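S.K.: Encoded as structure tokens, here's the structure I'll be asking about.
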Amino acid sequence: MSASRHPALSATDPELASFVAAEEVLQAQTLRLIPSENYVSAAVLEASGTVLQNKYSEGYPGRRYYEGQQNIDRVEALAVERAKGLFGVDHANVQPYSGSPANLAVYLAFAKPGDTVMGMALPMGGHLTHGWGVSATGSWFRGVQYGVRPDNGLIDYDAVRELALAERPKIIFCGGTALPRTIDFAAFASIAEEAGSVLVADVAHIAGLIAGGAHPSPADHADVISTTTHKTLRGPRGAMLMCREEHAKAIDKAVFPGLQGGPHNQTTAGIAVALHEAAQPSFTAYAHTVVANAKALAAALLERGFDLVSGGTDNHLILMDLTSRGVAGKVAAKALDRAGIVVNYNTVPFDPRKPFDPSGVRIGTPSLTSRGLTAAHMPAVADWISRAVDAAAKGDEPALGAIRAEVTDLMAAFPAPGLPLS
Ligand SMILES: *Cc1c(COP(=O)(O)O)cnc(C)c1O
């Protein structure tokens, strides 16, 4: 398979080529439920592997520190124009290497070390880079953190407001990595305004849903929008920072020369292609189907007795608390993996267990929706999950093997974008 797909690589480095080929098989045969992952299109893959890779281009289109930018400038300007059009923003910077460096650039633009910053706590569903202690953002800055309500798993906006007014943070982050519910950007904006804070909407997980109209947009509410490009947006691994004109200079200066050197032009090209794809009517349908599938999967899991944080989902993501099933998140995640279902173990809010051995499993529908699965398939998916979790609790390996065969069968009928037909 790989020799024909990557002939030069196979000839030069057969060992590495064999790893890539094995990964192609793994991605083709498994049911991938990690909500931050997806399958990029063949076009995005091609754009991300071009000779644009060979070019140094520190600076911005028309203002570079190296010559020979005739084509690179057009590539980056196209990506920027598409980002502005798709998200309805004044300004877009497409150079951040990934989501974490993009967020670090936001700190550099708006805060000084030691300043107070505010974000959602990691165990509540926030991201490391929102001021959590083990991250540079939590040790170089003074991170104060909000969470969700213990009774319903929803963000407590009154508590967010109280904390913001007491702490007057320079920056407030909203958004996260394990939030199954719609984010009220307008509520965060009024809190940030009252507290005199810069509001950053980190939509890394839901950017594709926003682009496709399946989640409200922060464009009218946030000072800065930070996003990765590789999650629901279905582009290459990278990130973008978008903002109003008034913050454009600060953001650009923070990314380069503040934090980074030369942009990864091959990634910029892949981002441009992904943004073009995301502007098509088919992507609007995709985004809505991602949500419909997640809601159908959540309903099917609830029917099978699972506890879901916040009782369900509004977006692409479901956080399952496995406490009542008598199995820890990591044990379940590893059993699911052996059953051909790829998830990640995750803390749940107020988790009594440790982060490296938490109570939950996080799942999502972006990848299976990219393969063409619909709501009609979700009861079967929930069945597999339920059987695998029970098998994990009992140590029933043959049951996991049986599920894996069924999963492989269904996946064969739904070839993934960007992968060779298996
Ligand atoms: C994924 C994610 C990031 C970080 O992105 P990386 O590309 O992994 O650095 C930042 N913020 C949020 C909310 C995320 O979900």
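To be explicit about the labels: the chains of the structure tokens are called A, B, and onward in the order shown, and within each one the residues are counted from 1, while ligands get numbers from 1 in the order they are shown.
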If DSSP is run on the backbone, what residues of segment 55-296 of chain A are strand (DSSP E or B)? A reply as a PDB file with C-alpha atoms, in the first residue's frame would be ideal.
M.R.:
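states_37.pdb, freshly written:
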ATOM      1  CA  GLY A  59       7.647  38.552   8.474  1.00  0.00           C
ATOM      2  CA  TYR A  60       4.252  38.992   6.854  1.00  0.00           C
ATOM      3  CA  ARG A  63       6.966  42.793   4.703  1.00  0.00           C
ATOM      4  CA  ARG A  64       9.463  39.919   4.744  1.00  0.00           C
ATOM      5  CA  HIS A  91      -7.762  40.421  11.065  1.00  0.00           C
ATOM      6  CA  ALA A  92      -6.268  36.932  10.963  1.00  0.00           C
ATOM      7  CA  ASN A  93      -2.770  35.662  11.702  1.00  0.00           C
ATOM      8  CA  THR A 116      -3.366  37.818  36.785  1.00  0.00           C
ATOM      9  CA  VAL A 117      -5.048  35.808  34.030  1.00  0.00           C
ATOM     10  CA  MET A 118      -8.234  33.789  34.187  1.00  0.00           C
ATOM     11  CA  GLY A 119      -9.384  30.604  32.530  1.00  0.00           C
ATOM     12  CA  MET A 120     -11.314  27.441  33.118  1.00  0.00           C
ATOM     13  CA  ARG A 142      -0.923  34.264  38.111  1.00  0.00           C
ATOM     14  CA  GLY A 143      -3.710  31.987  36.958  1.00  0.00           C
ATOM     15  CA  VAL A 144      -7.116  32.140  38.614  1.00  0.00           C
ATOM     16  CA  GLN A 145      -9.581  29.507  37.532  1.00  0.00           C
ATOM     17  CA  TYR A 146     -13.314  29.002  37.214  1.00  0.00           C
ATOM     18  CA  VAL A 148     -18.638  24.221  36.335  1.00  0.00           C
ATOM     19  CA  ILE A 155     -20.426  26.855  33.556  1.00  0.00           C
ATOM     20  CA  ILE A 171      -6.998  38.248  30.135  1.00  0.00           C
ATOM     21  CA  ILE A 172     -10.038  35.989  30.395  1.00  0.00           C
ATOM     22  CA  PHE A 173     -10.049  32.785  28.379  1.00  0.00           C
ATOM     23  CA  CYS A 174     -13.283  31.042  27.509  1.00  0.00           C
ATOM     24  CA  VAL A 198      -9.255  41.176  27.255  1.00  0.00           C
ATOM     25  CA  LEU A 199     -11.608  38.338  26.274  1.00  0.00           C
ATOM     26  CA  VAL A 200     -10.055  35.470  24.349  1.00  0.00           C
ATOM     27  CA  ALA A 201     -12.370  32.853  22.863  1.00  0.00           C
ATOM     28  CA  ASP A 202     -10.283  29.709  22.434  1.00  0.00           C
ATOM     29  CA  VAL A 224      -9.308  37.729  20.207  1.00  0.00           C
ATOM     30  CA  ILE A 225     -10.269  34.342  18.782  1.00  0.00           C
ATOM     31  CA  SER A 226      -7.667  31.628  19.127  1.00  0.00           C
ATOM     32  CA  THR A 227      -8.077  28.340  17.317  1.00  0.00           C
ATOM     33  CA  THR A 228      -6.218  25.299  16.178  1.00  0.00           C
ATOM     34  CA  ALA A 239      -3.398  27.523  14.551  1.00  0.00           C
ATOM     35  CA  MET A 240      -4.784  30.975  13.878  1.00  0.00           C
ATOM     36  CA  LEU A 241      -5.313  34.116  15.922  1.00  0.00           C
ATOM     37  CA  MET A 242      -8.135  36.395  14.794  1.00  0.00           C
ATOM     38  CA  CYS A 243      -9.105  39.781  16.184  1.00  0.00           C
TER      39      CYS A 243
END
S.K.: What residues of the protein or nucleic acid chains come within 8 Å of ligand 1 when you use only C-alpha atoms and all ligand atoms? Reply as a PDB file with C-alpha atoms, in the first residue's frame.
M.R.:
ATOM      1  CA  SER A  36      -9.811  16.664  18.904  1.00  0.00           C
ATOM      2  CA  TYR A  97       2.726  26.735  14.957  1.00  0.00           C
ATOM      3  CA  SER A  98      -0.076  25.188  17.002  1.00  0.00           C
ATOM      4  CA  GLY A  99      -2.763  26.041  19.548  1.00  0.00           C
ATOM      5  CA  SER A 100      -0.451  26.288  22.560  1.00  0.00           C
ATOM      6  CA  PRO A 101       2.016  28.738  20.956  1.00  0.00           C
ATOM      7  CA  ALA A 102      -0.964  30.734  19.638  1.00  0.00           C
ATOM      8  CA  ASN A 103      -2.213  31.167  23.198  1.00  0.00           C
ATOM      9  CA  GLY A 126     -10.287  23.966  30.380  1.00  0.00           C
ATOM     10  CA  HIS A 127      -6.938  23.839  28.578  1.00  0.00           C
ATOM     11  CA  LEU A 128      -3.439  23.769  30.085  1.00  0.00           C
ATOM     12  CA  THR A 129      -2.617  27.071  28.402  1.00  0.00           C
ATOM     13  CA  HIS A 130      -5.461  28.910  30.151  1.00  0.00           C
ATOM     14  CA  GLY A 175     -13.454  27.713  25.697  1.00  0.00           C
ATOM     15  CA  GLY A 176     -11.884  24.391  26.553  1.00  0.00           C
ATOM     16  CA  THR A 177     -11.091  20.823  25.709  1.00  0.00           C
ATOM     17  CA  ALA A 178     -13.832  18.879  27.457  1.00  0.00           C
ATOM     18  CA  ASP A 202     -10.283  29.709  22.434  1.00  0.00           C
ATOM     19  CA  VAL A 203     -12.418  27.773  19.971  1.00  0.00           C
ATOM     20  CA  ALA A 204      -9.796  25.139  19.114  1.00  0.00           C
ATOM     21  CA  HIS A 205     -12.318  22.319  19.486  1.00  0.00           C
ATOM     22  CA  SER A 226      -7.667  31.628  19.127  1.00  0.00           C
ATOM     23  CA  THR A 227      -8.077  28.340  17.317  1.00  0.00           C
ATOM     24  CA  THR A 228      -6.218  25.299  16.178  1.00  0.00           C
ATOM     25  CA  HIS A 230      -6.692  20.538  12.952  1.00  0.00           C
ATOM     26  CA  LYS A 231      -9.701  19.615  15.098  1.00  0.00           C
ATOM     27  CA  ARG A 237      -1.860  20.825  12.511  1.00  0.00           C
ATOM     28  CA  GLY A 238      -1.572  24.568  13.064  1.00  0.00           C
ATOM     29  CA  ALA A 239      -3.398  27.523  14.551  1.00  0.00           C
TER      30      ALA A 239
END
S.K.: Give me, as a ChimeraX atom specification, all polymer residues having an atom no more than 7 Å from Val348 of chain A, counting only C-alpha atoms and skipping those fewer than 4 positions away in the same chain.
M.R.: /A:123-124,321,359-360
S.K.: Using only C-alpha atoms, tabulate the residues of segment 243-312 of chain A lying at most 9 Å from any atom of segment 381-390 of chain A, each with its closest atom pair and that distance in Å to one decimal, by chain and increasing residue number, as a Markdown table.
M.R.:
| residue | atom | partner | partner_atom | distance |
| --- | --- | --- | --- | --- |
| A:Leu297 | CA | A:Ala382 | CA | 6.3 |
| A:Ala298 | CA | A:Ala382 | CA | 8.3 |
| A:Ala300 | CA | A:Ala382 | CA | 5.8 |
| A:Leu301 | CA | A:Ala382 | CA | 5.5 |
| A:Arg304 | CA | A:Ser386 | CA | 7.1 |
| A:Gly305 | CA | A:Ser386 | CA | 8.9 |
| A:Phe306 | CA | A:Ser386 | CA | 8.3 |
S.K.: Can I get the selected residues back with N, CA and C atoms, as a PDB file, in the first residue's frame?
M.R.:
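Done, and the output landed in selection_7.pdb:
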ATOM      1  N   LEU A 297     -25.617   9.880  19.665  1.00  0.00           N
ATOM      2  CA  LEU A 297     -24.754   8.985  20.429  1.00  0.00           C
ATOM      3  C   LEU A 297     -24.984   9.177  21.928  1.00  0.00           C
ATOM      4  N   ALA A 298     -25.116  10.451  22.359  1.00  0.00           N
ATOM      5  CA  ALA A 298     -25.370  10.729  23.773  1.00  0.00           C
ATOM      6  C   ALA A 298     -26.686  10.083  24.209  1.00  0.00           C
ATOM      7  N   ALA A 300     -28.177   7.508  22.907  1.00  0.00           N
ATOM      8  CA  ALA A 300     -28.031   6.049  22.919  1.00  0.00           C
ATOM      9  C   ALA A 300     -27.220   5.584  24.134  1.00  0.00           C
ATOM     10  N   LEU A 301     -26.242   6.388  24.547  1.00  0.00           N
ATOM     11  CA  LEU A 301     -25.454   6.040  25.741  1.00  0.00           C
ATOM     12  C   LEU A 301     -26.295   6.184  27.007  1.00  0.00           C
ATOM     13  N   ARG A 304     -28.416   3.352  27.568  1.00  0.00           N
ATOM     14  CA  ARG A 304     -27.676   2.183  28.061  1.00  0.00           C
ATOM     15  C   ARG A 304     -27.106   2.412  29.459  1.00  0.00           C
ATOM     16  N   GLY A 305     -27.591   3.455  30.138  1.00  0.00           N
ATOM     17  CA  GLY A 305     -27.287   3.642  31.550  1.00  0.00           C
ATOM     18  C   GLY A 305     -26.017   4.409  31.862  1.00  0.00           C
ATOM     19  N   PHE A 306     -25.394   5.021  30.856  1.00  0.00           N
ATOM     20  CA  PHE A 306     -24.167   5.774  31.122  1.00  0.00           C
ATOM     21  C   PHE A 306     -24.485   7.133  31.734  1.00  0.00           C
TER      22      PHE A 306
END
S.K.: Could you name the residues that touch Phe256 of chain A at 10 Å or less, counting only C-alpha atoms, but leaving out those on the same chain fewer than 2 positions away, as a list in words?
M.R.: Glu58, Gly59, Tyr60, Gln95, Pro96, Ala105, Ile251, Asp252, Lys253, Ala254, Gly258, Leu259, Gln260, Gly261, Gly262 and Pro263 of chain A
S.K.: Please write the residues from the selection above to a file, keeping all heavy atoms, as an mmCIF file, in the first residue's frame.
M.R.:
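Below is the file again.cif, written as the result:
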data_model
loop_
_atom_site.group_PDB
_atom_site.id
_atom_site.type_symbol
_atom_site.label_atom_id
_atom_site.label_comp_id
_atom_site.auth_asym_id
_atom_site.auth_seq_id
_atom_site.Cartn_x
_atom_site.Cartn_y
_atom_site.Cartn_z
ATOM 1 N N GLU A 58 10.284 34.793 7.246
ATOM 2 C CA GLU A 58 9.998 35.584 8.451
ATOM 3 C C GLU A 58 9.383 36.923 8.058
ATOM 4 O O GLU A 58 9.826 37.575 7.110
ATOM 5 C CB GLU A 58 11.295 35.821 9.243
ATOM 6 C CG GLU A 58 11.722 34.600 10.019
ATOM 7 C CD GLU A 58 12.989 34.833 10.841
ATOM 8 O OE1 GLU A 58 13.580 35.920 10.740
ATOM 9 O OE2 GLU A 58 13.378 33.909 11.573
ATOM 10 N N GLY A 59 8.366 37.328 8.797
ATOM 11 C CA GLY A 59 7.647 38.552 8.474
ATOM 12 C C GLY A 59 6.230 38.233 8.037
ATOM 13 O O GLY A 59 5.717 37.141 8.330
ATOM 14 N N TYR A 60 5.622 39.171 7.341
ATOM 15 C CA TYR A 60 4.252 38.992 6.854
ATOM 16 C C TYR A 60 4.195 39.371 5.375
ATOM 17 O O TYR A 60 5.113 40.023 4.869
ATOM 18 C CB TYR A 60 3.299 39.853 7.697
ATOM 19 C CG TYR A 60 3.181 39.324 9.124
ATOM 20 C CD1 TYR A 60 3.894 39.899 10.172
ATOM 21 C CD2 TYR A 60 2.395 38.210 9.400
ATOM 22 C CE1 TYR A 60 3.814 39.391 11.466
ATOM 23 C CE2 TYR A 60 2.315 37.683 10.688
ATOM 24 C CZ TYR A 60 3.014 38.281 11.720
ATOM 25 O OH TYR A 60 2.939 37.757 12.983
ATOM 26 N N GLN A 95 -0.003 32.195 11.266
ATOM 27 C CA GLN A 95 1.346 31.668 11.456
ATOM 28 C C GLN A 95 1.596 30.843 12.719
ATOM 29 O O GLN A 95 2.597 30.109 12.768
ATOM 30 C CB GLN A 95 2.365 32.814 11.408
ATOM 31 C CG GLN A 95 2.444 33.492 10.044
ATOM 32 C CD GLN A 95 3.644 34.423 9.921
ATOM 33 O OE1 GLN A 95 4.485 34.503 10.811
ATOM 34 N NE2 GLN A 95 3.723 35.122 8.799
ATOM 35 N N PRO A 96 0.770 30.933 13.775
ATOM 36 C CA PRO A 96 1.122 30.166 14.987
ATOM 37 C C PRO A 96 1.318 28.679 14.673
ATOM 38 O O PRO A 96 0.543 28.087 13.923
ATOM 39 C CB PRO A 96 -0.090 30.387 15.902
ATOM 40 C CG PRO A 96 -0.638 31.715 15.494
ATOM 41 C CD PRO A 96 -0.443 31.754 13.987
ATOM 42 N N ALA A 105 1.217 33.521 22.515
ATOM 43 C CA ALA A 105 1.320 34.816 21.828
ATOM 44 C C ALA A 105 0.292 35.804 22.377
ATOM 45 O O ALA A 105 0.557 37.005 22.471
ATOM 46 C CB ALA A 105 1.136 34.634 20.319
ATOM 47 N N ILE A 251 -1.146 41.503 18.096
ATOM 48 C CA ILE A 251 -1.157 40.061 17.833
ATOM 49 C C ILE A 251 -0.034 39.689 16.860
ATOM 50 O O ILE A 251 0.744 38.749 17.103
ATOM 51 C CB ILE A 251 -2.537 39.625 17.280
ATOM 52 C CG1 ILE A 251 -3.590 39.659 18.389
ATOM 53 C CG2 ILE A 251 -2.467 38.249 16.626
ATOM 54 C CD1 ILE A 251 -3.395 38.612 19.484
ATOM 55 N N ASP A 252 0.078 40.429 15.768
ATOM 56 C CA ASP A 252 1.120 40.100 14.779
ATOM 57 C C ASP A 252 2.513 40.203 15.391
ATOM 58 O O ASP A 252 3.360 39.330 15.194
ATOM 59 C CB ASP A 252 1.011 41.026 13.557
ATOM 60 C CG ASP A 252 -0.132 40.620 12.633
ATOM 61 O OD1 ASP A 252 -0.767 39.576 12.893
ATOM 62 O OD2 ASP A 252 -0.395 41.351 11.652
ATOM 63 N N LYS A 253 2.756 41.269 16.152
ATOM 64 C CA LYS A 253 4.074 41.449 16.786
ATOM 65 C C LYS A 253 4.382 40.322 17.775
ATOM 66 O O LYS A 253 5.528 39.911 17.938
ATOM 67 C CB LYS A 253 4.111 42.787 17.543
ATOM 68 C CG LYS A 253 4.717 43.915 16.737
ATOM 69 C CD LYS A 253 4.738 45.210 17.534
ATOM 70 C CE LYS A 253 5.599 45.118 18.804
ATOM 71 N NZ LYS A 253 5.468 46.348 19.634
ATOM 72 N N ALA A 254 3.345 39.861 18.461
ATOM 73 C CA ALA A 254 3.557 38.816 19.463
ATOM 74 C C ALA A 254 3.937 37.486 18.792
ATOM 75 O O ALA A 254 4.806 36.766 19.275
ATOM 76 C CB ALA A 254 2.314 38.654 20.328
ATOM 77 N N GLY A 258 7.835 38.231 18.270
ATOM 78 C CA GLY A 258 7.771 37.983 19.710
ATOM 79 C C GLY A 258 8.064 36.559 20.112
ATOM 80 O O GLY A 258 8.767 36.297 21.091
ATOM 81 N N LEU A 259 7.497 35.622 19.357
ATOM 82 C CA LEU A 259 7.541 34.240 19.820
ATOM 83 C C LEU A 259 8.144 33.275 18.810
ATOM 84 O O LEU A 259 8.761 32.294 19.183
ATOM 85 C CB LEU A 259 6.108 33.809 20.147
ATOM 86 C CG LEU A 259 5.923 32.652 21.101
ATOM 87 C CD1 LEU A 259 6.509 32.990 22.459
ATOM 88 C CD2 LEU A 259 4.433 32.336 21.245
ATOM 89 N N GLN A 260 7.925 33.540 17.555
ATOM 90 C CA GLN A 260 8.295 32.568 16.516
ATOM 91 C C GLN A 260 9.290 33.163 15.532
ATOM 92 O O GLN A 260 9.461 34.373 15.445
ATOM 93 C CB GLN A 260 7.043 32.140 15.737
ATOM 94 C CG GLN A 260 5.997 31.455 16.602
ATOM 95 C CD GLN A 260 4.875 30.811 15.812
ATOM 96 O OE1 GLN A 260 4.105 30.046 16.374
ATOM 97 N NE2 GLN A 260 4.769 31.107 14.524
ATOM 98 N N GLY A 261 9.909 32.255 14.752
ATOM 99 C CA GLY A 261 10.702 32.644 13.600
ATOM 100 C C GLY A 261 9.870 32.440 12.346
ATOM 101 O O GLY A 261 8.740 32.888 12.268
ATOM 102 N N GLY A 262 10.436 31.725 11.397
ATOM 103 C CA GLY A 262 9.771 31.565 10.104
ATOM 104 C C GLY A 262 8.502 30.735 10.189
ATOM 105 O O GLY A 262 8.462 29.718 10.879
ATOM 106 N N PRO A 263 7.456 31.203 9.493
ATOM 107 C CA PRO A 263 6.212 30.418 9.469
ATOM 108 C C PRO A 263 6.388 29.120 8.679
ATOM 109 O O PRO A 263 7.259 29.030 7.812
ATOM 110 C CB PRO A 263 5.216 31.351 8.776
ATOM 111 C CG PRO A 263 6.042 32.297 7.975
ATOM 112 C CD PRO A 263 7.346 32.448 8.717
#
S.K.: Which residue gives the smallest distance to Ala166 of chain A among A:Ala47, A:Ala269, A:Ala186, A:Ile191, with only C-alpha atoms counted?
M.R.: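 Nearest to Ala166 of chain A: A:Ile191.
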S.K.: Between A:Pro236, A:Gly212, A:Gly114, A:Gly133, which has the minimum distance to Leu86 of chain A (counting only C-alpha atoms)?
M.R.: A:Gly212
S.K.: Quick one: pick out all alpha helix (DSSP H) residues within segment 271-342 of chain A from a backbone DSSP run and write them as number ranges by chain.
M.R.: A: 271-278, 281-303, 329-338
S.K.: Can you spit out the residues from that selection as a compact mmCIF listing (two decimals), in the first residue's frame, using N, CA and C atoms?
M.R.:
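This went into result05.txt:
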# COMPACT_ATOMS: atom_id res chain seq x y z
N ILE A 271 -3.76 25.07 5.53
CA ILE A 271 -4.82 25.84 6.20
C ILE A 271 -5.69 26.53 5.15
N ALA A 272 -5.03 27.11 4.15
CA ALA A 272 -5.81 27.80 3.09
C ALA A 272 -6.79 26.83 2.44
N VAL A 273 -6.34 25.63 2.15
CA VAL A 273 -7.21 24.64 1.50
C VAL A 273 -8.35 24.24 2.44
N ALA A 274 -8.02 24.01 3.71
CA ALA A 274 -9.05 23.62 4.67
C ALA A 274 -10.10 24.72 4.82
N LEU A 275 -9.66 25.97 4.81
CA LEU A 275 -10.61 27.09 4.93
C LEU A 275 -11.50 27.17 3.69
N HIS A 276 -10.93 26.88 2.53
CA HIS A 276 -11.72 26.83 1.29
C HIS A 276 -12.78 25.72 1.40
N GLU A 277 -12.36 24.56 1.87
CA GLU A 277 -13.31 23.45 2.03
C GLU A 277 -14.40 23.81 3.05
N ALA A 278 -13.98 24.49 4.12
CA ALA A 278 -14.94 24.81 5.19
C ALA A 278 -15.95 25.86 4.76
N PRO A 281 -20.91 24.53 1.02
CA PRO A 281 -22.14 24.04 1.65
C PRO A 281 -21.99 22.64 2.24
N SER A 282 -21.15 21.82 1.64
CA SER A 282 -20.97 20.46 2.17
C SER A 282 -20.37 20.49 3.58
N PHE A 283 -19.59 21.52 3.89
CA PHE A 283 -19.01 21.59 5.23
C PHE A 283 -20.05 22.04 6.26
N THR A 284 -20.96 22.92 5.81
CA THR A 284 -22.08 23.30 6.69
C THR A 284 -22.86 22.05 7.07
N ALA A 285 -23.10 21.21 6.08
CA ALA A 285 -23.81 19.95 6.35
C ALA A 285 -22.98 19.08 7.29
N TYR A 286 -21.67 19.02 7.05
CA TYR A 286 -20.78 18.24 7.91
C TYR A 286 -20.88 18.68 9.36
N ALA A 287 -20.77 19.99 9.59
CA ALA A 287 -20.77 20.51 10.97
C ALA A 287 -22.08 20.16 11.67
N HIS A 288 -23.19 20.30 10.96
CA HIS A 288 -24.48 19.98 11.58
C HIS A 288 -24.62 18.47 11.83
N THR A 289 -24.05 17.67 10.94
CA THR A 289 -24.12 16.22 11.14
C THR A 289 -23.24 15.78 12.32
N VAL A 290 -22.10 16.45 12.50
CA VAL A 290 -21.25 16.16 13.67
C VAL A 290 -22.07 16.32 14.94
N VAL A 291 -22.81 17.42 15.04
CA VAL A 291 -23.61 17.68 16.24
C VAL A 291 -24.78 16.69 16.34
N ALA A 292 -25.46 16.45 15.23
CA ALA A 292 -26.59 15.50 15.25
C ALA A 292 -26.11 14.12 15.67
N ASN A 293 -24.94 13.71 15.17
CA ASN A 293 -24.38 12.41 15.55
C ASN A 293 -24.04 12.37 17.04
N ALA A 294 -23.46 13.46 17.55
CA ALA A 294 -23.10 13.48 18.98
C ALA A 294 -24.35 13.41 19.84
N LYS A 295 -25.38 14.13 19.45
CA LYS A 295 -26.64 14.09 20.22
C LYS A 295 -27.25 12.69 20.17
N ALA A 296 -27.21 12.06 19.00
CA ALA A 296 -27.76 10.70 18.87
C ALA A 296 -26.94 9.71 19.68
N LEU A 297 -25.62 9.88 19.66
CA LEU A 297 -24.75 8.99 20.43
C LEU A 297 -24.98 9.18 21.93
N ALA A 298 -25.12 10.45 22.36
CA ALA A 298 -25.37 10.73 23.77
C ALA A 298 -26.69 10.08 24.21
N ALA A 299 -27.72 10.22 23.39
CA ALA A 299 -29.02 9.64 23.73
C ALA A 299 -28.91 8.12 23.84
N ALA A 300 -28.18 7.51 22.91
CA ALA A 300 -28.03 6.05 22.92
C ALA A 300 -27.22 5.58 24.13
N LEU A 301 -26.24 6.39 24.55
CA LEU A 301 -25.45 6.04 25.74
C LEU A 301 -26.30 6.18 27.01
N LEU A 302 -27.10 7.24 27.07
CA LEU A 302 -27.97 7.43 28.24
C LEU A 302 -28.95 6.26 28.36
N GLU A 303 -29.49 5.83 27.20
CA GLU A 303 -30.40 4.67 27.20
C GLU A 303 -29.73 3.44 27.76
N GLY A 329 -11.50 5.21 34.08
CA GLY A 329 -11.43 5.73 32.71
C GLY A 329 -10.30 5.12 31.90
N LYS A 330 -9.12 4.97 32.54
CA LYS A 330 -7.97 4.46 31.80
C LYS A 330 -8.16 2.99 31.42
N VAL A 331 -8.68 2.22 32.35
CA VAL A 331 -8.93 0.80 32.08
C VAL A 331 -9.93 0.67 30.92
N ALA A 332 -10.97 1.50 30.95
CA ALA A 332 -11.98 1.47 29.89
C ALA A 332 -11.38 1.90 28.56
N ALA A 333 -10.57 2.99 28.60
CA ALA A 333 -9.99 3.50 27.35
C ALA A 333 -9.08 2.46 26.71
N LYS A 334 -8.31 1.74 27.54
CA LYS A 334 -7.40 0.73 26.99
C LYS A 334 -8.19 -0.47 26.44
N ALA A 335 -9.28 -0.82 27.12
CA ALA A 335 -10.11 -1.91 26.61
C ALA A 335 -10.79 -1.52 25.30
N LEU A 336 -11.30 -0.30 25.26
CA LEU A 336 -11.92 0.19 24.02
C LEU A 336 -10.91 0.17 22.87
N ASP A 337 -9.67 0.54 23.17
CA ASP A 337 -8.63 0.53 22.15
C ASP A 337 -8.43 -0.88 21.60
N ARG A 338 -8.45 -1.88 22.50
CA ARG A 338 -8.31 -3.26 22.04
C ARG A 338 -9.53 -3.70 21.24
S.K.: Using only C-alpha atoms, can you tell me which of A:Ala402, A:Ala42, A:Ala393, A:Ala189 comes closest to Gly326 of chain A?
M.R.: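 Comparing A:Ala402, A:Ala42, A:Ala393, A:Ala189 against Gly326 of chain A, the winner is A:Ala393.
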S.K.: Just want the 12 Å neighbourhood of Gln27 of chain A, counted on only C-alpha atoms, with same-chain residues fewer than 5 positions away dropped. Output as a list in words.
M.R.: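 Near Gln27 of chain A, the qualifying residues are Val20, Ala21, Ala22, Arg32, Leu33, Ile34, Glu37, Asn38, Tyr39, Val40, Gly340, Ile341, Val342, Ser367, Leu368, Arg371, Thr408, Met411, Ala412, Phe414, Pro415, Ala416, Pro417, Gly418, Leu419, Pro420, Leu421 and Ser422 of chain A.
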S.K.: From the list A:Val106, A:Ala339, A:Ala375, A:Ala222, which residue is nearest Leu400 of chain A when using only C-alpha atoms?
M.R.: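 Distance minimum relative to Leu400 of chain A lands on A:Ala339.
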